[in-house]
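Undergrad: Next up, target-v2.cif (mmCIF, C-alpha atoms).
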data_entry
#
loop_
_atom_site.label_atom_id
_atom_site.label_comp_id
_atom_site.auth_asym_id
_atom_site.auth_seq_id
_atom_site.Cartn_x
_atom_site.Cartn_y
_atom_site.Cartn_z
CA MET A 264 6.84 -15.78 -47.30
CA ASN A 265 10.41 -16.45 -46.16
CA SER A 266 11.71 -18.55 -43.27
CA TRP A 267 11.70 -15.89 -40.54
CA GLN A 268 8.16 -14.86 -41.46
CA LYS A 269 7.00 -18.47 -41.20
CA ARG A 270 8.77 -18.78 -37.85
CA ILE A 271 7.15 -15.76 -36.23
CA TYR A 272 3.69 -16.62 -37.55
CA THR A 273 3.99 -20.19 -36.31
CA ARG A 274 5.24 -18.97 -32.94
CA TYR A 275 2.93 -15.97 -32.35
CA GLY A 276 0.00 -16.00 -34.82
CA THR A 277 -2.83 -15.34 -35.52
CA TRP A 278 -3.40 -11.72 -34.41
CA ALA A 279 -0.87 -8.96 -33.74
CA VAL A 280 -1.35 -5.57 -32.09
CA VAL A 281 0.69 -2.66 -33.42
CA THR A 282 0.55 0.74 -31.73
CA GLY A 283 1.80 3.85 -33.49
CA ALA A 284 0.87 2.14 -36.76
CA SER A 285 0.10 5.24 -38.83
CA SER A 286 3.70 6.09 -39.76
CA GLY A 287 7.38 5.21 -39.54
CA ILE A 288 8.39 2.04 -37.75
CA GLY A 289 4.85 1.14 -36.67
CA ARG A 290 3.53 1.38 -40.21
CA GLU A 291 6.34 -0.78 -41.56
CA MET A 292 5.69 -3.31 -38.78
CA ALA A 293 2.10 -3.58 -39.97
CA PHE A 294 3.15 -4.28 -43.55
CA GLN A 295 5.78 -6.86 -42.60
CA LEU A 296 3.40 -8.68 -40.25
CA ALA A 297 0.60 -8.68 -42.82
CA GLU A 298 3.00 -10.20 -45.34
CA SER A 299 3.77 -12.85 -42.71
CA GLY A 300 0.07 -13.73 -42.47
CA PHE A 301 -0.97 -11.95 -39.26
CA ASN A 302 -4.37 -10.40 -38.82
CA LEU A 303 -3.81 -6.96 -37.32
CA ILE A 304 -5.12 -4.55 -34.73
CA LEU A 305 -3.68 -1.16 -35.64
CA CYS A 306 -3.73 1.80 -33.25
CA ALA A 307 -2.80 5.46 -33.68
CA ARG A 308 -4.30 8.92 -33.34
CA SER A 309 -5.03 9.29 -37.07
CA GLN A 310 -8.00 7.09 -37.91
CA GLU A 311 -8.17 8.12 -41.57
CA THR A 312 -4.54 7.14 -42.12
CA LEU A 313 -5.15 3.82 -40.38
CA LYS A 314 -8.17 3.13 -42.58
CA GLN A 315 -6.08 3.74 -45.70
CA ILE A 316 -3.38 1.39 -44.44
CA ALA A 317 -6.00 -1.23 -43.54
CA THR A 318 -7.50 -1.11 -47.02
CA THR A 319 -4.08 -1.61 -48.60
CA LEU A 320 -3.20 -4.50 -46.29
CA THR A 321 -6.46 -6.36 -46.72
CA THR A 322 -6.30 -5.98 -50.49
CA GLN A 323 -2.63 -6.89 -50.84
CA TYR A 324 -2.32 -9.66 -48.25
CA SER A 325 -5.90 -10.89 -47.66
CA VAL A 326 -5.65 -10.45 -43.89
CA GLU A 327 -8.19 -9.04 -41.46
CA VAL A 328 -7.39 -5.60 -40.07
CA GLN A 329 -9.14 -3.69 -37.28
CA VAL A 330 -8.25 -0.06 -36.57
CA PHE A 331 -8.64 1.97 -33.40
CA LYS A 332 -8.18 5.69 -32.99
CA LEU A 333 -6.34 5.91 -29.66
CA ASP A 334 -4.22 8.55 -27.99
CA PHE A 335 -2.02 6.75 -25.48
CA SER A 336 -1.38 9.95 -23.54
CA GLU A 337 -4.95 9.53 -22.31
CA GLU A 338 -5.44 7.41 -19.22
CA LYS A 339 -8.09 5.05 -20.59
CA ALA A 340 -6.53 4.34 -24.00
CA ALA A 341 -4.75 1.14 -23.01
CA ALA A 342 -7.85 -0.20 -21.25
CA THR A 343 -9.93 0.54 -24.35
CA LEU A 344 -7.57 -1.55 -26.45
CA GLU A 345 -7.58 -4.38 -23.92
CA ILE A 346 -11.38 -4.59 -23.98
CA ALA A 347 -11.50 -4.40 -27.78
CA THR A 348 -9.13 -7.34 -28.20
CA GLN A 349 -10.28 -9.65 -25.41
CA ASN A 350 -12.06 -12.06 -27.77
CA LEU A 351 -9.25 -12.21 -30.34
CA ASP A 352 -6.35 -14.69 -30.37
CA VAL A 353 -3.65 -12.04 -29.98
CA GLY A 354 -0.16 -13.51 -29.83
CA LEU A 355 2.11 -10.57 -30.65
CA LEU A 356 2.34 -7.05 -29.24
CA ILE A 357 4.39 -4.31 -30.95
CA VAL A 358 4.55 -1.13 -28.86
CA SER A 359 5.74 1.48 -31.34
CA ALA A 360 3.67 4.50 -30.29
CA GLY A 361 5.70 7.26 -28.72
CA PHE A 362 6.97 10.79 -29.12
CA GLY A 363 9.95 12.85 -28.13
CA THR A 364 11.02 16.40 -27.28
CA SER A 365 14.28 18.21 -27.75
CA GLY A 366 15.85 21.34 -26.33
CA SER A 367 16.49 22.73 -22.88
CA PHE A 368 14.71 20.73 -20.16
CA LEU A 369 13.80 23.84 -18.14
CA ASN A 370 12.33 25.53 -21.19
CA SER A 371 10.07 22.59 -21.92
CA GLN A 372 6.34 22.53 -21.22
CA LEU A 373 5.65 20.33 -18.20
CA GLU A 374 2.26 19.21 -19.49
CA GLN A 375 3.86 18.04 -22.71
CA GLU A 376 6.60 16.16 -20.84
CA ILE A 377 3.97 14.39 -18.73
CA GLU A 378 2.11 13.42 -21.91
CA MET A 379 5.34 11.94 -23.25
CA LEU A 380 5.82 10.01 -20.01
CA ASN A 381 2.28 8.66 -20.31
CA VAL A 382 2.75 7.51 -23.92
CA ASN A 383 6.32 6.24 -23.76
CA CYS A 384 6.17 4.61 -20.33
CA ARG A 385 2.77 4.32 -18.64
CA ALA A 386 0.83 3.04 -21.65
CA LEU A 387 3.70 0.73 -22.58
CA LEU A 388 3.67 -0.63 -19.02
CA GLU A 389 -0.07 -1.25 -19.06
CA LEU A 390 0.00 -3.00 -22.43
CA SER A 391 3.02 -5.13 -21.52
CA TRP A 392 1.36 -6.21 -18.26
CA TYR A 393 -2.03 -6.99 -19.78
CA PHE A 394 -0.89 -8.78 -22.93
CA GLY A 395 1.94 -10.48 -21.04
CA ARG A 396 -0.65 -12.09 -18.76
CA GLN A 397 -2.78 -13.05 -21.77
CA PHE A 398 0.20 -14.63 -23.49
CA VAL A 399 1.12 -16.67 -20.41
CA LYS A 400 -2.44 -18.04 -20.28
CA ARG A 401 -2.18 -18.79 -23.98
CA GLY A 402 1.14 -20.56 -23.47
CA ARG A 403 3.06 -18.49 -26.02
CA GLY A 404 3.44 -14.93 -27.27
CA GLY A 405 5.83 -12.14 -28.15
CA ILE A 406 6.34 -8.53 -27.05
CA VAL A 407 8.45 -5.98 -28.93
CA LEU A 408 9.19 -2.72 -27.10
CA MET A 409 10.77 0.11 -29.11
CA SER A 410 13.71 1.54 -27.21
CA SER A 411 16.45 3.74 -28.71
CA ILE A 412 20.21 4.11 -28.70
CA VAL A 413 19.66 7.22 -26.55
CA GLY A 414 18.37 4.96 -23.77
CA PHE A 415 21.84 3.66 -22.88
CA GLN A 416 22.99 6.91 -21.26
CA GLY A 417 21.67 10.34 -20.39
CA MET A 418 21.27 12.75 -23.30
CA PRO A 419 21.36 16.49 -22.54
CA PHE A 420 18.92 18.51 -24.67
CA ALA A 421 16.72 15.42 -24.99
CA ALA A 422 16.96 14.57 -21.31
CA HIS A 423 13.45 13.36 -20.60
CA TYR A 424 13.03 11.55 -23.94
CA ALA A 425 16.23 9.59 -23.31
CA ALA A 426 15.03 8.82 -19.78
CA THR A 427 11.79 7.35 -21.10
CA LYS A 428 13.75 5.13 -23.47
CA ALA A 429 16.02 4.00 -20.62
CA TYR A 430 12.84 2.91 -18.83
CA VAL A 431 11.76 0.90 -21.87
CA GLN A 432 15.20 -0.69 -22.24
CA THR A 433 15.55 -1.84 -18.63
CA LEU A 434 11.96 -3.08 -18.46
CA ALA A 435 12.42 -5.17 -21.60
CA GLU A 436 15.71 -6.65 -20.41
CA ALA A 437 14.12 -7.82 -17.17
CA LEU A 438 10.95 -9.13 -18.76
CA TYR A 439 13.00 -11.12 -21.26
CA VAL A 440 14.36 -13.16 -18.32
CA GLU A 441 11.12 -13.31 -16.32
CA LEU A 442 8.77 -14.35 -19.10
CA ALA A 443 10.95 -16.71 -21.15
CA PRO A 444 10.23 -19.75 -18.90
CA LEU A 445 6.52 -18.96 -19.31
CA GLY A 446 6.63 -19.12 -23.11
CA VAL A 447 6.65 -15.38 -23.79
CA ASP A 448 9.45 -13.75 -25.77
CA VAL A 449 10.35 -10.11 -25.09
CA LEU A 450 12.61 -7.95 -27.24
CA SER A 451 13.90 -4.41 -26.95
CA SER A 452 14.70 -2.83 -30.32
CA ALA A 453 17.05 0.15 -29.97
CA PRO A 454 17.49 1.84 -33.35
CA ALA A 455 19.45 4.91 -34.31
CA PRO A 456 17.52 7.94 -35.66
CA THR A 457 15.01 6.72 -38.21
CA ASN A 458 13.20 8.44 -41.07
CA SER A 459 9.77 8.92 -39.54
CA GLY A 460 9.31 12.68 -39.48
CA PHE A 461 11.31 13.01 -36.25
CA ALA A 462 13.79 15.66 -37.39
CA SER A 463 11.37 18.16 -38.92
CA ARG A 464 8.81 17.89 -36.13
CA ALA A 465 11.40 18.07 -33.37
CA GLY A 466 13.13 21.06 -34.97
CA MET A 467 16.36 19.15 -35.46
CA ARG A 468 19.00 18.77 -38.16
CA MET A 469 19.59 15.08 -38.74
CA GLY A 470 22.42 14.12 -41.10
CA MET A 471 22.08 10.33 -40.89
CA ALA A 472 18.88 8.36 -40.47
CA MET A 473 17.72 4.78 -41.00
CA ASN A 474 14.92 3.55 -43.22
CA PRO A 475 12.07 1.99 -41.18
CA LEU A 476 12.44 -1.29 -43.11
CA ALA A 477 16.06 -1.52 -41.92
CA VAL A 478 14.74 -1.39 -38.36
CA VAL A 479 11.70 -3.62 -38.68
CA GLN A 480 13.02 -6.70 -40.46
CA PRO A 481 16.04 -7.26 -38.16
CA THR A 482 13.80 -6.65 -35.16
CA LEU A 483 11.24 -9.27 -36.14
CA LYS A 484 14.00 -11.72 -37.06
CA ALA A 485 15.57 -11.25 -33.59
CA LEU A 486 12.37 -11.79 -31.61
CA GLY A 487 12.65 -14.93 -29.52
CA ARG A 488 16.41 -15.16 -30.01
CA GLN A 489 17.91 -12.32 -27.94
CA PRO A 490 16.84 -9.65 -25.42
CA THR A 491 18.02 -6.53 -27.31
CA ILE A 492 18.80 -5.68 -30.89
CA LEU A 493 20.60 -2.69 -32.37
CA PRO A 494 19.10 -2.89 -35.85
CA GLY A 495 21.27 -1.79 -38.75
CA ILE A 496 24.87 -0.68 -39.12
CA LEU A 497 24.18 2.88 -37.97
CA SER A 498 22.71 1.78 -34.63
CA LYS A 499 25.65 -0.51 -33.95
CA PHE A 500 28.23 2.08 -34.97
CA LEU A 501 26.79 4.88 -32.84
CA THR A 502 26.45 2.60 -29.80
CA TYR A 503 29.68 0.59 -29.98
CA SER A 504 31.85 3.60 -30.83
CA LEU A 505 30.92 5.12 -27.46
CA SER A 506 30.88 1.92 -25.39
CA PRO A 507 34.61 1.98 -24.40
CA LEU A 508 34.14 5.42 -22.79
CA PRO A 509 33.00 5.98 -19.20
CA ARG A 510 29.34 6.80 -18.85
CA TRP A 511 29.96 10.45 -17.90
CA ALA A 512 31.92 10.95 -21.11
CA ARG A 513 29.18 9.37 -23.22
CA VAL A 514 26.64 11.71 -21.65
CA ARG A 515 28.69 14.77 -22.51
CA ILE A 516 29.36 13.64 -26.06
CA MET A 517 25.71 12.85 -26.70
CA GLY A 518 24.77 16.24 -25.25
CA ARG A 519 27.06 18.04 -27.66
CA VAL A 520 25.64 16.09 -30.57
CA MET A 521 22.06 16.82 -29.58
CA GLU A 522 22.76 20.49 -28.90
CA GLY A 523 24.12 20.81 -32.42
CA MET A 524 21.08 19.06 -33.89
CA THR A 525 18.51 21.16 -32.05
CA LYS A 526 17.36 24.23 -33.93
CA HIS A 527 14.91 25.50 -31.34
CA GLN A 528 14.73 25.37 -27.58
CA VAL A 529 12.01 22.74 -27.51
CA LYS A 530 9.90 21.06 -30.14
CA THR A 531 7.86 17.90 -30.19
CA ASN A 532 7.88 14.97 -32.52
CA ASN A 533 5.02 12.55 -32.88
CA ILE A 534 6.21 9.07 -33.84
CA GLY A 535 2.88 7.34 -33.75
#
How does this structure look as C-alpha cells?
TA:
Amino acid sequence: MNSWQKRIYTRYGTWAVVTGASSGIGREMAFQLAESGFNLILCARSQETLKQIATTLTTQYSVEVQVFKLDFSEEKAAATLEIATQNLDVGLLIVSAGFGTSGSFLNSQLEQEIEMLNVNCRALLELSWYFGRQFVKRGRGGIVLMSSIVGFQGMPFAAHYAATKAYVQTLAEALYVELAPLGVDVLSSAPAPTNSGFASRAGMRMGMAMNPLAVVQPTLKALGRQPTILPGILSKFLTYSLSPLPRWARVRIMGRVMEGMTKHQVKTNNIG
C-alpha cells in the first residue's frame, strides 16, 4: 500500500460505496479501493458480474464485499441502497453509474433520455444528499462524482448527455465549498473518453480513449485536495486547448467532433 492509499483509508475508511462497479471506471475504483483496505458495497445492474468481482477482491485483498443489483433509473434504487448500508461505517461514496446517448436530440427516444436523467442526475443527487448527511454526522467522509470534459460546454449530438454532466460538475463544485467546513471532501472527476465500452455501444468511432486506471488513480489521489480533476494528459489537452475560445465556439467545435464520431442517429451506452 502506497502513501496516497494510506491517506484515503485513514481519512475515509472503513467502508466505501461504488456505483456502476461492474465495468470501466467503477470496476477499477473497486479494485483500487480494495487494495487500499476498504470494505466495499458494489452496485450495478449485473449481479453475476458483481459476484465475480467480489470473489476476486475478497480473495486477493482479504476485504469484505457486499453486492447489490440496482438499476438507478428506477425511483427506489437509491433508497434501497441507503437502507442496506445504514448499519455500516460508510465513509466514501463513488458515484460512477451512468449512461449516455449520442445522435440527433429530436430523433432520440424520450423515455430513454428520462432514464438517463434519472441515473446521471436524480440518483446521484439522492445519494450525495443521503451520504453527505451521514458523513457530516460521522465527522468525516468523501464523495467522488464522475463528471466529464463534455460537461464544460454544450455538445451538439450528445446534447442531453453533456447537460447531465454539466449538472454533476456544478453540483460538485458547490458541494466542495459547502461541505469542506463540515469535514466532508467532494471531488468532481472529469475525464476524457475512457475505454469502458462507450464507443461500440453508443455507435461511435473513438480514436483516442483513456485506460480506466489512468482515470481512477489520479482521481483518488486528488480527493480532499481540490474540487475538480481532469485526470490524464488527454483530458487536460482536450479541455485546455479549447479554453481560450469563447463558449459559443467551443460548442460548435465539440458538435463537429461529435457529429463525426456518431455512426447512427442515436444509440445508448451503459457505463455502469
Undergrad: Find the residues near Gly404 in chain A: any atom within 8 Å, counting only C-alpha atoms, skip ones fewer than 5 places away on the same chain, and give them as a list in words.
TA: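 The residues that qualify are Arg274, Tyr275, Gly354, Leu355, Gly395, Phe398, Val399, Gly446, Val447 and Asp448 of chain A.
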Undergrad: Hey, which of A:Leu387, A:Ala455, A:Val326, A:Ile492 ends up closest to Ser411 in chain A? Count all atoms listed in the file.
TA: A:Ala455
Undergrad: Which residue out of A:Gln416, A:Thr491, A:Thr457, A:Gln480 has the minimum interatomic distance to Arg510 in chain A when all atoms listed in the file are used?
TA: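 Smallest distance to Arg510 in chain A is found for A:Gln416.
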Undergrad: Please compute the CA of Ser391 in chain A-CA of Ser325 in chain A distance, one decimal, in Å.
TA: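 Atom-to-atom, CA of Ser391 in chain A and CA of Ser325 in chain A are spaced 28.2 Å apart.
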Undergrad: Please, what distance in Å, to one decimal, runs between CA of Ala360 in chain A and CA of Leu305 in chain A?
TA: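 Spanning CA of Ala360 in chain A to CA of Leu305 in chain A is a straight-line distance of 10.7 Å.
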Undergrad: Tell me which residues the PyMOL selection byres ((chain A and resi 327) around 10) grabs here, as a ChimeraX atom specification.
TA: /A:278,297,300-304,317-318,320-322,324-326,328-329
Undergrad: Which residue is closest to Ala435 in chain A? Choose from A:Thr282, A:Ile346, A:Pro419, A:Cys384 and count all atoms listed in the file.
TA: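 Going through A:Thr282, A:Ile346, A:Pro419, A:Cys384 one by one, the smallest distance to Ala435 in chain A is for A:Cys384.
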Undergrad: Need the neighbours of (25.1, 9.0, -20.7): which residues are at most 10 Å away, counting only C-alpha atoms, as a PyMOL selection string?
TA: chain A and resi 413-419+422+425+505+508-518
Undergrad: Which neighbours of Val281 in chain A fall inside 7 Å, counting only C-alpha atoms, when residues of the same chain fewer than 4 positions from it are skipped, and could you give them as a ChimeraX atom specification?
TA: /A:289,293,304-306,356-359
Undergrad: Find, counting all atoms listed in the file, the residue in A:Arg385, A:Arg308, A:Arg396, A:Lys428 that gets nearest to Ser452 in chain A.
TA: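 Looking only at the distances to Ser452 in chain A, the closest residue turns out to be A:Lys428.
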Undergrad: Go through A:Leu476, A:Val330, A:Leu450, A:Leu445 one by one, measure the shortest atom-to-atom distance of each to Ser285 in chain A using all atoms listed in the file, and give the residue with the smallest value.
TA: A:Val330
Undergrad: Using the chain letters and numbers from this file, what does the PyMOL selection byres ((chain A and resi 349) around 12) select? Give the answer as a list in words.
TA: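 With the shown file as input, the PyMOL selection byres ((chain A and resi 349) around 12) matches Trp278, Val280, Ile304, Ala342, Thr343, Leu344, Glu345, Ile346, Ala347, Thr348, Asn350, Leu351, Asp352, Val353, Gly354, Tyr393, Phe394, Arg396, Gln397 and Phe398 of chain A.
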Undergrad: Rounded to one decimal place, report the CA of Val449 in chain A-CA of Asn383 in chain A distance in Å.
TA: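 Between CA of Val449 in chain A and CA of Asn383 in chain A the gap works out to 16.9 Å.
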Undergrad: From the set A:Ile316, A:Ala472, A:Met524, A:Ile377, which residue has the shortest atom-to-atom contact distance to Ile496 in chain A, counting only C-alpha atoms?
TA: A:Ala472
Undergrad: Can you translate the PyMOL selection byres ((chain A and resi 267) around 10) into the concrete residues it hits in this file, as a PyMOL selection string?
TA: chain A and resi 264-266+268-273+299+480-481+483-486
